[in-house]
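To be precise, the following lines are data.txt, and they hold compact mmCIF, C-alpha atoms.
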```txt
# COMPACT_ATOMS: atom_id res chain seq x y z
CA MET A 1 -14.26 -58.59 17.57
CA ASN A 2 -11.30 -60.92 16.98
CA ARG A 3 -7.71 -59.74 16.60
CA SER A 4 -7.58 -60.04 12.81
CA ASP A 5 -10.67 -57.83 12.42
CA LYS A 6 -9.11 -55.20 14.65
CA GLU A 7 -5.98 -55.14 12.51
CA ILE A 8 -8.05 -54.73 9.37
CA LYS A 9 -10.22 -52.05 10.92
CA ASP A 10 -7.09 -50.18 11.97
CA PHE A 11 -5.70 -50.54 8.46
CA PHE A 12 -8.78 -48.95 6.91
CA ALA A 13 -9.04 -46.31 9.64
CA GLU A 14 -5.50 -45.21 8.78
CA MET A 15 -6.34 -45.28 5.09
CA ARG A 16 -9.33 -43.01 5.74
CA LYS A 17 -7.09 -40.69 7.73
CA ALA A 18 -4.62 -40.51 4.82
CA ASP A 19 -7.50 -39.76 2.44
CA GLU A 20 -8.50 -36.71 4.48
CA GLN A 21 -5.82 -34.87 2.51
CA LEU A 22 -7.63 -35.64 -0.73
CA GLN A 23 -8.98 -32.61 -2.56
CA ILE A 24 -12.66 -33.17 -3.11
CA PRO A 25 -14.13 -31.21 -6.05
CA GLY A 26 -17.09 -28.98 -5.18
CA PHE A 27 -20.58 -30.35 -5.62
CA GLU A 28 -22.23 -29.07 -8.77
CA GLY A 29 -25.95 -29.00 -8.25
CA THR A 30 -28.64 -28.53 -10.86
CA GLU A 31 -27.74 -24.82 -11.25
CA GLY A 32 -24.19 -25.62 -12.30
CA ARG A 33 -25.45 -28.36 -14.55
CA LYS A 34 -28.07 -26.09 -16.11
CA SER A 35 -25.51 -23.51 -17.22
CA ARG A 36 -23.20 -26.29 -18.37
CA SER A 37 -25.90 -28.12 -20.30
CA LEU A 38 -27.11 -24.80 -21.75
CA SER A 39 -23.66 -24.00 -23.07
CA ARG A 40 -23.41 -27.59 -24.24
CA TYR A 41 -26.43 -26.95 -26.52
CA ILE A 42 -25.64 -23.33 -27.44
CA ILE A 43 -22.16 -24.02 -28.83
CA PRO A 44 -23.10 -26.70 -31.40
CA TYR A 45 -26.23 -24.80 -32.42
CA GLY A 46 -24.15 -21.63 -32.83
CA ILE A 47 -21.64 -23.46 -35.01
CA ALA A 48 -24.43 -25.03 -37.08
CA ALA A 49 -26.14 -21.64 -37.50
CA SER A 50 -22.95 -19.94 -38.68
CA PHE A 51 -22.38 -22.76 -41.17
CA LEU A 52 -25.93 -22.29 -42.45
CA ILE A 53 -25.42 -18.54 -42.84
CA LEU A 54 -22.13 -19.06 -44.68
CA PHE A 55 -23.70 -21.71 -46.88
CA SER A 56 -26.70 -19.51 -47.75
CA LEU A 57 -24.34 -16.60 -48.55
CA TYR A 58 -22.35 -18.93 -50.78
CA LEU A 59 -25.53 -20.10 -52.51
CA ASN A 60 -26.69 -16.53 -53.12
CA ARG A 61 -23.35 -15.60 -54.59
CA GLY A 62 -23.29 -18.76 -56.64
CA GLY A 63 -26.77 -17.89 -57.97
CA GLN A 64 -25.53 -14.52 -59.22
CA ASP A 65 -22.62 -16.20 -60.95
CA ASP A 66 -25.05 -18.59 -62.57
CA GLN A 67 -27.12 -15.69 -63.85
CA GLU A 68 -24.05 -14.17 -65.48
CA ASP A 69 -22.95 -17.47 -66.89
CA SER A 70 -26.39 -18.23 -68.23
CA LYS A 71 -26.17 -15.55 -70.95
CA ILE A 72 -25.70 -17.97 -73.77
CA GLU A 73 -25.70 -17.15 -77.42
CA ILE A 74 -26.76 -19.82 -79.84
CA VAL A 75 -25.73 -19.24 -83.42
CA LEU A 76 -26.97 -21.35 -86.24
CA TYR A 77 -25.39 -21.04 -89.63
CA MET A 78 -25.75 -22.82 -92.89
CA LYS A 79 -23.06 -25.17 -93.97
CA GLU A 80 -22.29 -25.78 -97.58
CA LYS A 81 -24.24 -28.99 -97.68
CA GLY A 82 -27.27 -27.31 -96.15
CA SER A 83 -27.03 -28.87 -92.71
CA THR A 84 -27.10 -26.74 -89.61
CA GLU A 85 -24.72 -26.84 -86.67
CA SER A 86 -25.15 -25.12 -83.34
CA LEU A 87 -22.37 -23.07 -81.94
CA ILE A 88 -22.69 -22.22 -78.30
CA THR A 89 -20.62 -19.50 -76.84
CA GLU A 90 -20.79 -17.95 -73.39
CA GLU A 91 -20.81 -14.28 -72.73
CA VAL A 92 -19.99 -12.69 -69.41
CA SER A 93 -22.25 -9.69 -69.94
CA LEU A 94 -23.88 -7.57 -72.61
CA ASP A 95 -21.20 -4.89 -72.13
CA SER A 96 -18.57 -7.17 -73.58
CA TRP A 97 -20.80 -8.44 -76.42
CA GLU A 98 -19.31 -8.28 -79.88
CA SER A 99 -21.15 -8.65 -83.12
CA SER A 100 -20.18 -11.67 -85.12
CA SER A 101 -19.68 -9.41 -88.16
CA ASP A 102 -17.22 -7.08 -86.36
CA ALA A 103 -14.35 -9.05 -87.78
CA LEU A 104 -15.62 -8.39 -91.30
CA ILE A 105 -15.64 -4.62 -90.68
CA ASP A 106 -12.06 -4.71 -89.44
CA ASP A 107 -10.98 -6.95 -92.31
CA LEU A 108 -12.65 -4.67 -94.85
CA GLY A 109 -10.81 -1.72 -93.35
CA GLU A 110 -7.52 -3.47 -93.94
CA TRP A 111 -8.53 -4.23 -97.55
CA MET B 1 -38.49 -37.94 -4.72
CA ASN B 2 -38.38 -34.23 -5.56
CA LYS B 3 -35.38 -32.50 -7.09
CA SER B 4 -34.32 -30.46 -4.06
CA ARG B 5 -34.41 -33.52 -1.76
CA LEU B 6 -32.37 -35.47 -4.33
CA GLU B 7 -29.85 -32.66 -4.60
CA HIS B 8 -29.61 -32.43 -0.82
CA LEU B 9 -28.89 -36.17 -0.53
CA LEU B 10 -26.29 -36.06 -3.29
CA LYS B 11 -24.57 -33.14 -1.61
CA GLU B 12 -24.59 -34.99 1.70
CA HIS B 13 -22.88 -38.05 0.19
CA HIS B 14 -20.68 -36.15 -2.27
CA ARG B 15 -17.38 -36.75 -0.45
CA ASP B 16 -17.96 -40.48 0.03
CA ALA B 17 -19.22 -40.75 -3.54
CA PHE B 18 -16.05 -39.12 -4.91
CA ILE B 19 -13.79 -41.39 -2.84
CA TRP B 20 -15.76 -44.47 -3.93
CA ALA B 21 -15.55 -43.34 -7.59
CA GLY B 22 -11.78 -43.02 -7.13
CA GLN B 23 -11.59 -46.52 -5.66
CA CYS B 24 -13.56 -47.86 -8.65
CA CYS B 25 -11.09 -46.11 -11.02
CA ASN B 26 -7.86 -47.52 -9.53
CA TYR B 27 -7.39 -44.33 -7.48
CA ASP B 28 -7.22 -42.14 -10.57
CA TYR B 29 -9.10 -39.13 -9.23
CA GLU B 30 -9.27 -37.31 -12.56
CA GLU B 31 -11.20 -40.27 -13.92
CA ALA B 32 -13.24 -40.28 -10.70
CA LYS B 33 -14.33 -36.69 -11.38
CA GLU B 34 -15.63 -37.68 -14.81
CA VAL B 35 -17.36 -40.78 -13.47
CA LEU B 36 -19.08 -38.76 -10.76
CA GLN B 37 -20.21 -36.13 -13.27
CA GLN B 38 -21.66 -38.86 -15.48
CA THR B 39 -23.36 -40.40 -12.45
CA TYR B 40 -24.97 -37.12 -11.43
CA LEU B 41 -26.05 -36.52 -15.02
CA LYS B 42 -27.68 -39.97 -15.13
CA ILE B 43 -29.54 -39.16 -11.91
CA PHE B 44 -30.68 -35.65 -12.88
CA GLU B 45 -31.75 -36.81 -16.33
CA LYS B 46 -33.63 -39.69 -14.65
CA LYS B 47 -31.69 -42.38 -16.47
CA ALA B 48 -31.00 -43.76 -13.00
CA VAL B 49 -34.01 -43.53 -10.69
CA TYR B 50 -33.95 -44.01 -6.92
CA LYS B 51 -36.93 -46.15 -5.98
CA GLU B 52 -36.23 -46.10 -2.22
CA ARG B 53 -35.87 -49.88 -2.04
CA ALA B 54 -32.42 -49.57 -0.46
CA ALA B 55 -30.61 -46.82 1.45
CA PHE B 56 -29.75 -43.84 -0.75
CA LYS B 57 -26.00 -44.30 -0.27
CA THR B 58 -26.23 -47.98 -1.29
CA TRP B 59 -28.10 -47.07 -4.47
CA LEU B 60 -25.73 -44.19 -5.27
CA PHE B 61 -22.65 -46.40 -4.81
CA SER B 62 -24.21 -48.99 -7.12
CA VAL B 63 -24.79 -46.37 -9.86
CA ILE B 64 -21.22 -45.08 -9.44
CA ARG B 65 -19.79 -48.60 -9.70
CA PHE B 66 -21.62 -49.40 -12.94
CA THR B 67 -20.81 -45.97 -14.41
CA ALA B 68 -17.12 -46.51 -13.58
CA ILE B 69 -17.16 -49.96 -15.22
CA ASP B 70 -18.67 -48.47 -18.41
CA HIS B 71 -16.29 -45.52 -18.33
CA ILE B 72 -13.20 -47.73 -17.97
CA LYS B 73 -14.43 -50.01 -20.76
CA LYS B 74 -14.92 -47.06 -23.13
CA LYS B 75 -11.60 -45.55 -22.12
CA SER B 76 -9.68 -48.78 -22.63
CA THR B 77 -10.83 -48.93 -26.25
CA PHE B 78 -9.02 -45.64 -26.87
CA GLU B 79 -6.04 -46.06 -24.57
CA SER B 80 -3.78 -49.06 -24.54
CA LEU B 81 -3.64 -51.23 -21.45
CA ASP B 82 0.00 -50.20 -20.95
CA ARG B 83 -0.99 -46.57 -20.51
CA LEU B 84 -3.66 -47.47 -17.94
CA ASN B 85 -1.15 -49.55 -16.00
CA ILE B 86 1.30 -46.63 -15.96
CA VAL B 87 -1.41 -44.40 -14.45
CA VAL B 88 -2.13 -46.98 -11.72
CA GLU B 89 1.58 -47.36 -10.95
CA GLU B 90 1.96 -43.56 -10.72
CA GLN B 91 -0.97 -43.37 -8.31
CA ILE B 92 0.47 -46.13 -6.16
CA GLU B 93 3.94 -44.53 -6.10
CA ALA B 94 2.41 -41.22 -5.03
CA ASP B 95 0.70 -42.91 -2.08
CA GLN B 96 3.25 -42.66 0.71
CA VAL B 97 1.61 -45.06 3.15
CA ASN B 98 1.07 -47.72 0.47
CA TYR B 99 -2.37 -48.76 1.70
CA ARG B 100 -3.50 -48.82 -1.89
CA LYS B 101 -0.46 -50.81 -2.98
CA LEU B 102 -1.11 -53.36 -0.27
CA LEU B 103 -4.77 -53.62 -1.24
CA SER B 104 -3.91 -53.90 -4.93
CA HIS B 105 -2.41 -57.33 -4.21
CA LEU B 106 -5.92 -58.66 -3.56
CA PRO B 107 -8.33 -59.68 -6.33
CA GLU B 108 -10.58 -56.76 -7.39
CA ARG B 109 -13.78 -58.23 -5.91
CA GLN B 110 -12.12 -58.76 -2.53
CA GLN B 111 -10.75 -55.21 -2.59
CA GLN B 112 -14.18 -53.75 -3.30
CA VAL B 113 -15.93 -55.86 -0.66
CA LEU B 114 -13.38 -54.89 2.01
CA LEU B 115 -13.45 -51.21 1.01
CA LEU B 116 -17.24 -51.12 1.14
CA SER B 117 -17.32 -52.91 4.46
CA PHE B 118 -14.45 -51.39 6.43
CA TYR B 119 -13.90 -48.06 4.68
CA HIS B 120 -17.49 -47.11 3.92
CA GLY B 121 -19.12 -49.01 6.78
CA MET B 122 -21.63 -51.01 4.74
CA THR B 123 -23.28 -54.27 5.69
CA LEU B 124 -22.80 -57.44 3.64
CA ALA B 125 -26.41 -57.16 2.41
CA GLU B 126 -25.74 -53.62 1.19
CA ILE B 127 -22.54 -54.75 -0.50
CA ALA B 128 -24.49 -57.51 -2.24
CA GLU B 129 -26.92 -54.83 -3.49
CA ILE B 130 -24.11 -52.61 -4.79
CA THR B 131 -22.07 -55.35 -6.47
CA LYS B 132 -25.17 -57.30 -7.61
CA LEU B 133 -23.64 -60.45 -6.15
CA HIS B 134 -25.31 -63.11 -4.05
CA ILE B 135 -24.81 -62.47 -0.34
CA GLY B 136 -23.08 -65.86 0.00
CA THR B 137 -20.55 -64.84 -2.66
CA VAL B 138 -20.02 -61.51 -0.90
CA ARG B 139 -19.39 -63.33 2.40
CA THR B 140 -16.80 -65.57 0.69
CA HIS B 141 -14.98 -62.55 -0.78
CA TYR B 142 -15.19 -60.84 2.59
CA GLU B 143 -13.64 -63.75 4.54
CA ARG B 144 -10.96 -64.51 1.93
CA GLY B 145 -10.17 -60.83 1.54
CA LYS B 146 -9.72 -60.40 5.28
CA ASP B 147 -7.39 -63.44 5.46
CA SER B 148 -5.29 -62.24 2.54
CA LEU B 149 -5.07 -58.68 3.83
CA ARG B 150 -4.18 -59.84 7.33
CA THR B 151 -1.33 -61.92 5.85
CA LEU B 152 -0.13 -58.93 3.83
CA ILE B 153 -0.25 -56.61 6.86
CA LEU B 154 1.75 -59.09 8.95
CA LYS B 155 4.25 -59.58 6.13
CA LYS B 156 4.69 -55.85 5.77
CA ARG B 157 5.11 -55.47 9.53
CA ASN B 158 7.77 -58.21 9.62
CA GLU B 159 9.65 -56.50 6.78
CA GLN B 160 9.71 -53.24 8.72
CA ILE B 161 11.13 -54.87 11.87
```
So, in terms of structure tokens, how does the structure I just supplied come out?
Amino acid sequence: MNRSDKEIKDFFAEMRKADEQLQIPGFEGTEGRKSRSLSRYIIPYGIAASFLILFSLYLNRGGQDDQEDSKIEIVLYMKEKGSTESLITEEVSLDSWESSSDALIDDLGEW
Amino acid sequence: MNKSRLEHLLKEHHRDAFIWAGQCCNYDYEEAKEVLQQTYLKIFEKKAVYKERAAFKTWLFSVIRFTAIDHIKKKSTFESLDRLNIVVEEQIEADQVNYRKLLSHLPERQQQVLLLSFYHGMTLAEIAEITKLHIGTVRTHYERGKDSLRTLILKKRNEQI
């Protein structure tokens, strides 16, 4: 070994000695990886599942609203010239339904 | 190779692997942790397969080196070069003996060849396998690296006198 090689070997030997103070993280074998990879799959699936549940709940609720909204009354009445015109009104429920002639009763009462 | 034998070999070389990962990441040992995790994942998921053509340590070091290169490339797209340089400077400042600072004056290839040879005790043929360079190129880096480092050591010594 020539002199220059000895100097370099000493340099790296001292570097190795200094690195002995380095904190080496523990080795994670397949067991550690298994639990980590399991949680890696569980978390996104859990989030996706809760989104699906929330979405299906929303859809169900939305469906009920649609049923209420779908109570549509179509009234056809004769115009003077004999043509017909559709008048579409929405009703929330049968409980709040009012006859179209109710106004006439009230008006007659006033007369 | 079966799983338990693979795990045993990885455990055996874990310390050297971590230090080598650190050296590939400019001595940023937080990055080294991530690189080593990615390396182990590649191995366990059989994305990197040991075919017993070279020594296990040689193969492992090669996988770590390429994983570190990919990791740094990905990282540098998110972080500016300035930030990376600050990290390297901080690491060098924290190193009291300044071995790393002295080595950082050499070109990267020369640093890696010298580290693999003198720090990790590898032969030039093994270094050629790890770096995927021709053995003649490795020898050139080795000789030039030694000359440059010797000059730096002498310069440093003269400054101290």
Counting only C-alpha atoms, give me one row per residue of chain B with an atom at most 9 Å from an atom of chain A, showing the shortest contact pair and its distance in Å to one decimal, sorted by chain then residue number, as CSV.
```
residue,atom,partner,partner_atom,distance
B:Lys3,CA,A:Thr30,CA,8.7
B:Glu7,CA,A:Gly29,CA,6.5
B:His8,CA,A:Gly29,CA,9.0
B:Leu10,CA,A:Phe27,CA,8.4
B:Lys11,CA,A:Phe27,CA,6.3
B:His14,CA,A:Phe27,CA,6.7
B:Arg15,CA,A:Ile24,CA,6.5
B:Phe18,CA,A:Ile24,CA,7.1
B:Ile19,CA,A:Ile24,CA,8.3
B:Lys33,CA,A:Pro25,CA,7.6
B:Gln37,CA,A:Glu28,CA,8.6
B:Tyr40,CA,A:Gly29,CA,8.8
B:Leu41,CA,A:Arg33,CA,8.2
B:Phe44,CA,A:Thr30,CA,7.7
B:Val97,CA,A:Ala18,CA,7.9
B:Tyr99,CA,A:Met15,CA,6.3
B:Arg100,CA,A:Met15,CA,8.3
B:Leu114,CA,A:Phe12,CA,9.0
B:Leu115,CA,A:Phe12,CA,7.9
B:Phe118,CA,A:Phe12,CA,6.2
B:Tyr119,CA,A:Phe12,CA,5.7
B:Lys146,CA,A:Ile8,CA,7.2
B:Asp147,CA,A:Ser4,CA,8.1
B:Leu149,CA,A:Ile8,CA,7.4
B:Arg150,CA,A:Ser4,CA,6.5
B:Ile153,CA,A:Glu7,CA,8.2
```
Skipping near chain neighbours, those fewer than 3 positions away, what residues fall within 12 Å of region 46-51 of chain B using all atoms listed in the file, listed as a list in words?
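In the requested format, the answer is Met1, Asn2, Lys3, Arg5, Leu6, Leu9, Leu10, Gln38, Thr39, Tyr40, Leu41, Lys42, Ile43, Ala54, Ala55, Phe56, Lys57, Thr58, Trp59, Leu60, Phe61, Ser62, Val63, Ile64, Phe66 and Thr67 of chain B.
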Give me, please, the distance in Å between CA of Thr131 (chain B) and CA of Arg65 (chain B), quoted to one decimal.
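Between CA of Thr131 (chain B) and CA of Arg65 (chain B) the gap is 7.8 Å.
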Grab the CA of Ala21 (chain B) to CA of Ser4 (chain B) distance for me, in Å with one decimal place.
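If I compute the distance from CA of Ala21 (chain B) to CA of Ser4 (chain B), I get 23.0 Å.
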The centre and edge lengths of an axis-aligned box containing all atoms of region 2-17 of chain B present in the file, extended by 3 Å on each side, are to be given in Å to one decimal, as lines of an AutoDock Vina configuration file.
```
center_x = -27.9
center_y = -35.6
center_z = -2.7
size_x = 27.0
size_y = 16.3
size_z = 14.8
```
Take the point (-22.2, -59.8, 0.4) in the file's coordinates, draw a sphere of radius 6 Å around it, and report as JSON, numbers by chain every protein, DNA or RNA residue with an atom inside or on it, counting only C-alpha atoms.
{"B": [124, 125, 127, 128, 135, 138, 139]}
Report, in Å with one decimal, the straight-line distance from CA of Val35 (chain B) to CA of Trp20 (chain B).
10.4 Å
